[in-house]
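query.tsv, holding TSV, C-alpha atoms:
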chain	number	residue	atom	x	y	z
A	531	MET	CA	-5.23	-8.82	-19.45
A	532	PRO	CA	-4.69	-10.30	-16.01
A	533	SER	CA	-5.19	-8.01	-13.04
A	534	ALA	CA	-2.31	-7.48	-10.63
A	535	SER	CA	-2.64	-8.15	-6.93
A	536	SER	CA	-2.29	-5.27	-4.49
A	537	VAL	CA	1.21	-6.32	-3.47
A	538	LEU	CA	2.37	-6.56	-7.08
A	539	ARG	CA	0.74	-3.21	-7.90
A	540	LEU	CA	2.46	-1.60	-4.93
A	541	ALA	CA	5.86	-3.09	-5.85
A	542	ARG	CA	5.58	-1.89	-9.45
A	543	ALA	CA	4.44	1.55	-8.31
A	544	VAL	CA	7.34	1.82	-5.85
A	545	VAL	CA	9.86	1.00	-8.59
A	546	PHE	CA	8.27	3.49	-10.99
A	547	ALA	CA	8.07	6.30	-8.43
A	548	THR	CA	11.57	5.71	-7.08
A	549	VAL	CA	13.16	5.65	-10.53
A	550	CYS	CA	11.31	8.76	-11.70
A	551	GLY	CA	12.08	10.57	-8.44
A	552	ALA	CA	15.78	9.67	-8.50
A	553	VAL	CA	16.15	10.68	-12.15
A	554	SER	CA	14.36	13.99	-11.58
A	555	ALA	CA	16.27	14.82	-8.39
A	556	GLY	CA	19.57	13.87	-10.02
A	557	GLY	CA	18.77	15.94	-13.09
A	558	HIS	CA	17.75	18.87	-10.91
A	559	ALA	CA	21.06	18.74	-9.03
A	560	LEU	CA	23.18	18.27	-12.16
A	561	ALA	CA	21.44	21.11	-13.99
A	562	GLY	CA	22.50	23.55	-11.31
A	563	GLY	CA	19.43	23.38	-9.13
A	564	GLY	CA	21.38	21.99	-6.20
A	565	PRO	CA	20.54	18.96	-4.11
A	566	VAL	CA	16.88	18.31	-3.43
A	567	PRO	CA	16.09	18.22	0.30
A	568	PHE	CA	15.01	14.76	1.44
A	569	GLU	CA	11.55	15.95	2.55
A	570	VAL	CA	10.87	17.45	-0.90
A	571	TYR	CA	12.18	14.33	-2.62
A	572	LEU	CA	10.05	12.10	-0.38
A	573	ALA	CA	6.94	14.21	-1.05
A	574	GLY	CA	7.51	13.95	-4.81
A	575	VAL	CA	8.12	10.21	-4.73
A	576	LEU	CA	5.05	9.60	-2.53
A	577	ALA	CA	2.88	11.65	-4.90
A	578	ALA	CA	4.25	9.70	-7.87
A	579	LEU	CA	3.72	6.46	-5.94
A	580	GLY	CA	0.07	7.25	-5.31
A	581	LEU	CA	-0.58	8.09	-8.95
A	582	ALA	CA	1.36	5.08	-10.21
A	583	TYR	CA	-0.57	2.76	-7.88
A	584	LEU	CA	-3.87	4.07	-9.24
A	585	ILE	CA	-3.01	3.35	-12.88
A	586	ASP	CA	-0.99	0.19	-12.25
A	587	GLY	CA	-3.71	-2.47	-12.33
A	588	ARG	CA	-2.50	-4.35	-15.40
A	589	GLU	CA	0.36	-4.61	-17.86
A	590	ARG	CA	0.98	-1.36	-19.71
A	591	GLY	CA	2.37	-0.89	-23.19
A	592	PRO	CA	5.31	1.32	-24.14
A	593	ALA	CA	3.13	4.32	-25.00
A	594	ALA	CA	1.42	4.27	-21.59
A	595	VAL	CA	4.73	3.88	-19.75
A	596	LEU	CA	6.29	6.69	-21.82
A	597	THR	CA	3.35	9.01	-21.15
A	598	ALA	CA	3.41	8.26	-17.43
A	599	ALA	CA	7.20	8.70	-17.22
A	600	ILE	CA	7.19	12.02	-19.11
A	601	GLY	CA	4.26	13.35	-17.08
A	602	THR	CA	5.83	12.28	-13.79
A	603	GLN	CA	9.22	13.73	-14.75
A	604	MET	CA	7.67	17.08	-15.65
A	605	VAL	CA	5.59	17.28	-12.46
A	606	LEU	CA	8.60	16.33	-10.32
A	607	HIS	CA	10.73	18.90	-12.16
A	608	GLN	CA	8.20	21.61	-11.34
A	609	LEU	CA	7.93	20.44	-7.73
A	610	PHE	CA	11.69	20.39	-7.22
A	611	GLU	CA	12.13	23.72	-8.98
A	612	ARG	CA	9.58	25.43	-6.73
A	613	LEU	CA	10.40	23.73	-3.42
A	614	ALA	CA	14.16	23.35	-3.85
A	615	PRO	CA	15.35	26.28	-5.98
A	616	ALA	CA	19.03	26.77	-6.66
A	617	ALA	CA	20.90	29.03	-4.29
A	618	GLY	CA	20.98	32.40	-5.99
A	619	ALA	CA	18.46	31.46	-8.66
A	620	GLY	CA	16.71	34.47	-10.08
A	621	ALA	CA	13.11	34.96	-11.08
A	622	GLY	CA	13.83	33.41	-14.48
A	623	HIS	CA	14.72	30.04	-12.98
A	624	GLY	CA	11.10	28.93	-13.06
A	625	HIS	CA	10.99	28.93	-16.87
A	626	PRO	CA	12.81	25.94	-18.31
A	627	ALA	CA	15.00	26.51	-21.32
A	628	PRO	CA	14.37	24.45	-24.47
A	629	GLY	CA	17.55	22.47	-23.73
A	630	MET	CA	16.23	21.53	-20.29
A	631	ALA	CA	12.95	20.31	-21.81
A	632	LEU	CA	14.89	18.26	-24.38
A	633	VAL	CA	17.01	16.71	-21.64
A	634	HIS	CA	13.88	15.87	-19.61
A	635	LEU	CA	12.19	14.29	-22.63
A	636	THR	CA	15.30	12.27	-23.51
A	637	VAL	CA	15.83	11.03	-19.97
A	638	ALA	CA	12.12	10.29	-19.58
A	639	ALA	CA	12.17	8.30	-22.83
A	640	LEU	CA	15.20	6.28	-21.70
A	641	THR	CA	13.64	5.73	-18.28
A	642	ALA	CA	10.34	4.69	-19.85
A	643	TRP	CA	12.13	2.24	-22.16
A	644	TRP	CA	13.99	0.72	-19.20
A	645	LEU	CA	10.82	0.54	-17.07
A	646	HIS	CA	8.82	-0.98	-19.93
A	647	ARG	CA	11.48	-3.67	-20.46
A	648	GLY	CA	11.23	-4.52	-16.77
A	649	GLU	CA	7.45	-4.48	-17.02
A	650	ARG	CA	7.53	-6.94	-19.95
A	651	ALA	CA	9.96	-9.23	-18.15
A	652	LEU	CA	7.86	-9.20	-14.99
A	653	TRP	CA	4.62	-10.03	-16.82
A	654	LEU	CA	6.39	-12.75	-18.83
A	655	MET	CA	7.53	-14.39	-15.59
A	656	ILE	CA	4.02	-14.09	-14.17
A	657	ARG	CA	2.53	-15.75	-17.25
A	658	LEU	CA	5.18	-18.49	-17.28
A	659	TYR	CA	4.94	-19.32	-13.58
A	660	ALA	CA	1.22	-18.72	-13.08
A	661	GLY	CA	0.21	-22.14	-14.39
A	662	PRO	CA	1.85	-25.53	-14.58
A	663	PRO	CA	4.43	-25.90	-17.33
A	664	PRO	CA	3.18	-27.55	-20.54
A	665	LEU	CA	5.20	-30.73	-19.90
A	666	ILE	CA	3.54	-31.20	-16.52
A	667	ARG	CA	0.13	-30.72	-18.15
A	668	LEU	CA	1.03	-33.44	-20.68
A	669	LEU	CA	2.21	-35.82	-17.99
A	670	ALA	CA	-0.85	-35.14	-15.87
A	671	ALA	CA	-3.10	-36.04	-18.80
A	672	ALA	CA	-1.12	-39.21	-19.70
A	673	PRO	CA	-2.10	-42.60	-18.30
A	674	ALA	CA	-0.34	-43.57	-15.07
A	675	GLU	CA	0.96	-46.89	-16.42
A	676	PHE	CA	4.71	-46.90	-16.89
A	677	ALA	CA	6.74	-49.88	-18.07
A	678	THR	CA	10.03	-50.68	-16.43
A	679	PRO	CA	13.01	-49.99	-18.66
A	680	LEU	CA	14.43	-52.93	-20.61
A	681	TRP	CA	18.03	-51.77	-20.28
A	682	ARG	CA	20.28	-52.02	-17.26
A	683	PRO	CA	23.39	-50.02	-16.52
A	684	VAL	CA	26.61	-51.72	-17.51
A	685	THR	CA	28.70	-52.70	-14.51
A	686	SER	CA	32.10	-54.27	-14.39
A	687	ASP	CA	32.95	-57.13	-12.08
A	688	LEU	CA	36.65	-56.23	-12.21
A	689	PRO	CA	38.12	-54.84	-9.00
A	690	VAL	CA	39.25	-51.24	-9.06
A	691	ARG	CA	42.93	-50.77	-8.19
A	692	SER	CA	43.92	-47.51	-6.61
A	693	ASP	CA	47.68	-48.13	-6.52
A	694	ARG	CA	48.17	-47.71	-10.29
A	695	THR	CA	48.30	-44.48	-12.24
A	696	VAL	CA	47.24	-44.11	-15.80
A	697	SER	CA	50.31	-44.27	-18.01
A	698	GLY	CA	49.23	-41.30	-20.15
A	699	ALA	CA	48.70	-39.00	-17.19
A	700	ILE	CA	50.94	-35.95	-16.94
A	701	HIS	CA	51.76	-34.68	-13.50
A	702	ARG	CA	52.67	-31.00	-13.28
A	703	ARG	CA	52.63	-28.57	-10.43
A	704	GLY	CA	52.67	-24.80	-10.61
A	705	PRO	CA	51.84	-22.36	-13.36
A	706	PRO	CA	52.63	-23.09	-16.98
A	707	GLY	CA	56.03	-22.01	-18.26
A	708	GLY	CA	56.79	-19.07	-20.53
A	709	PRO	CA	56.73	-19.03	-24.35
A	710	GLY	CA	59.85	-21.17	-24.66
A	711	HIS	CA	58.58	-23.81	-22.22
A	712	VAL	CA	58.65	-27.34	-23.53
A	713	GLY	CA	56.50	-29.75	-21.58
For this file, produce the structure as structure tokens.
Amino acid sequence: MPSASSVLRLARAVVFATVCGAVSAGGHALAGGGPVPFEVYLAGVLAALGLAYLIDGRERGPAAVLTAAIGTQMVLHQLFERLAPAAGAGAGHGHPAPGMALVHLTVAALTAWWLHRGERALWLMIRLYAGPPPLIRLLAAAPAEFATPLWRPVTSDLPVRSDRTVSGAIHRRGPPGGPGHVG
């Protein structure tokens, strides 16, 4: 597996952390937890960014992306729940209901699928554009002797007249007529 450069690793980690953070913060707000303060959101995304950068050295398969997405979603859920609790949330708010866990797993699976598709597309482009295309390799290996073509383009010695119109041409202006229109 090819190793990613630092810039590519950082870009991939930023996408992963931002998507996971946005999904978790959005889910937190929609589930009644209220909006996540920007500082809390930023702290969660930066933590996810650091972890994603550490494990992001090469292309990952769907199982690795799914595991990372589920783990990140759960950690961000706990972080948002503790640092941005809902207004009026009781002591029981810290214990997620089975429905909440199912929603997190479903959203994490969809997010992981989407991120993995992007990951595959990115690595495909890297592999395709990393080296010269196969045709260029063939031409580079071929001898440099090229024969001139035996054919020549056909040209007419007749003058072109611009004052004549083609007899079969139809000249119409405006939109086409309705259903009963006869042209």
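The smallest atom-to-atom distance between His607 in chain A and any of A:Ala555, A:Leu680, A:Val544, A:Val549, using only C-alpha atoms, is found for A:Ala555.
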Here's a test: counting all atoms listed in the file, identify every protein, DNA and RNA residue with an atom at most 12 Å from (11.6, 3.2, -9.2) in the file's coordinate frame, and state them as number ranges by chain. A: 540-554, 575-576, 578-579, 582, 599, 602, 641-642, 644-646, 648-649
Atoms to include: C-alpha atoms. Write the selected residues as a compact mmCIF listing (two decimals), in the frame of the given file.
# COMPACT_ATOMS: atom_id res chain seq x y z
CA LEU A 540 2.46 -1.60 -4.93
CA ALA A 541 5.86 -3.09 -5.85
CA ARG A 542 5.58 -1.89 -9.45
CA ALA A 543 4.44 1.55 -8.31
CA VAL A 544 7.34 1.82 -5.85
CA VAL A 545 9.86 1.00 -8.59
CA PHE A 546 8.27 3.49 -10.99
CA ALA A 547 8.07 6.30 -8.43
CA THR A 548 11.57 5.71 -7.08
CA VAL A 549 13.16 5.65 -10.53
CA CYS A 550 11.31 8.76 -11.70
CA GLY A 551 12.08 10.57 -8.44
CA ALA A 552 15.78 9.67 -8.50
CA VAL A 553 16.15 10.68 -12.15
CA SER A 554 14.36 13.99 -11.58
CA VAL A 575 8.12 10.21 -4.73
CA LEU A 576 5.05 9.60 -2.53
CA ALA A 578 4.25 9.70 -7.87
CA LEU A 579 3.72 6.46 -5.94
CA ALA A 582 1.36 5.08 -10.21
CA ALA A 599 7.20 8.70 -17.22
CA THR A 602 5.83 12.28 -13.79
CA THR A 641 13.64 5.73 -18.28
CA ALA A 642 10.34 4.69 -19.85
CA TRP A 644 13.99 0.72 -19.20
CA LEU A 645 10.82 0.54 -17.07
CA HIS A 646 8.82 -0.98 -19.93
CA GLY A 648 11.23 -4.52 -16.77
CA GLU A 649 7.45 -4.48 -17.02
So that I can see what lies close to Arg647 in chain A, please list as a compact mmCIF listing (two decimals) with C-alpha atoms, keeping the file's coordinate frame the residues with an atom at most 12 Å from it, counting all atoms listed in the file and leaving out residues fewer than 3 positions away in the same chain.
# COMPACT_ATOMS: atom_id res chain seq x y z
CA GLU A 589 0.36 -4.61 -17.86
CA ARG A 590 0.98 -1.36 -19.71
CA GLY A 591 2.37 -0.89 -23.19
CA PRO A 592 5.31 1.32 -24.14
CA VAL A 595 4.73 3.88 -19.75
CA LEU A 596 6.29 6.69 -21.82
CA LEU A 640 15.20 6.28 -21.70
CA THR A 641 13.64 5.73 -18.28
CA ALA A 642 10.34 4.69 -19.85
CA TRP A 643 12.13 2.24 -22.16
CA TRP A 644 13.99 0.72 -19.20
CA ARG A 650 7.53 -6.94 -19.95
CA ALA A 651 9.96 -9.23 -18.15
CA LEU A 652 7.86 -9.20 -14.99
CA TRP A 653 4.62 -10.03 -16.82
CA LEU A 654 6.39 -12.75 -18.83
Hey, could you pull the box centre and edge lengths for range 594-609 of chain A, axis-aligned, 6 Å padding per side, all listed atoms, to one decimal in Å, as AutoDock Vina command-line options?
--center_x 6.1 --center_y 12.7 --center_z -14.8 --size_x 21.3 --size_y 29.7 --size_z 26.1
May I ask for the distance between CA of Ser536 in chain A and CA of Ala593 in chain A, given in Å to one decimal place? 23.3 Å
Would you work out the distance separating CA of Arg657 in chain A from CA of Arg539 in chain A, expressed in Å to one decimal? 15.7 Å
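Note that the spacing between CA of Val633 in chain A and CA of Gly556 in chain A amounts to 12.2 Å.
Closest to Leu632 in chain A among A:Ala559, A:Ala594, A:Ala573, A:Ile600 is A:Ile600, based on all atoms listed in the file.
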Measuring between only C-alpha atoms, which one of A:Gly574, A:Val537, A:Thr685, A:Ala561 shows the shortest distance to Gly629 in chain A? A:Ala561
From the options A:Ile585, A:Leu538, A:Leu560, A:Val570, which residue's atoms come nearest to Phe610 in chain A, counting only C-alpha atoms? A:Val570
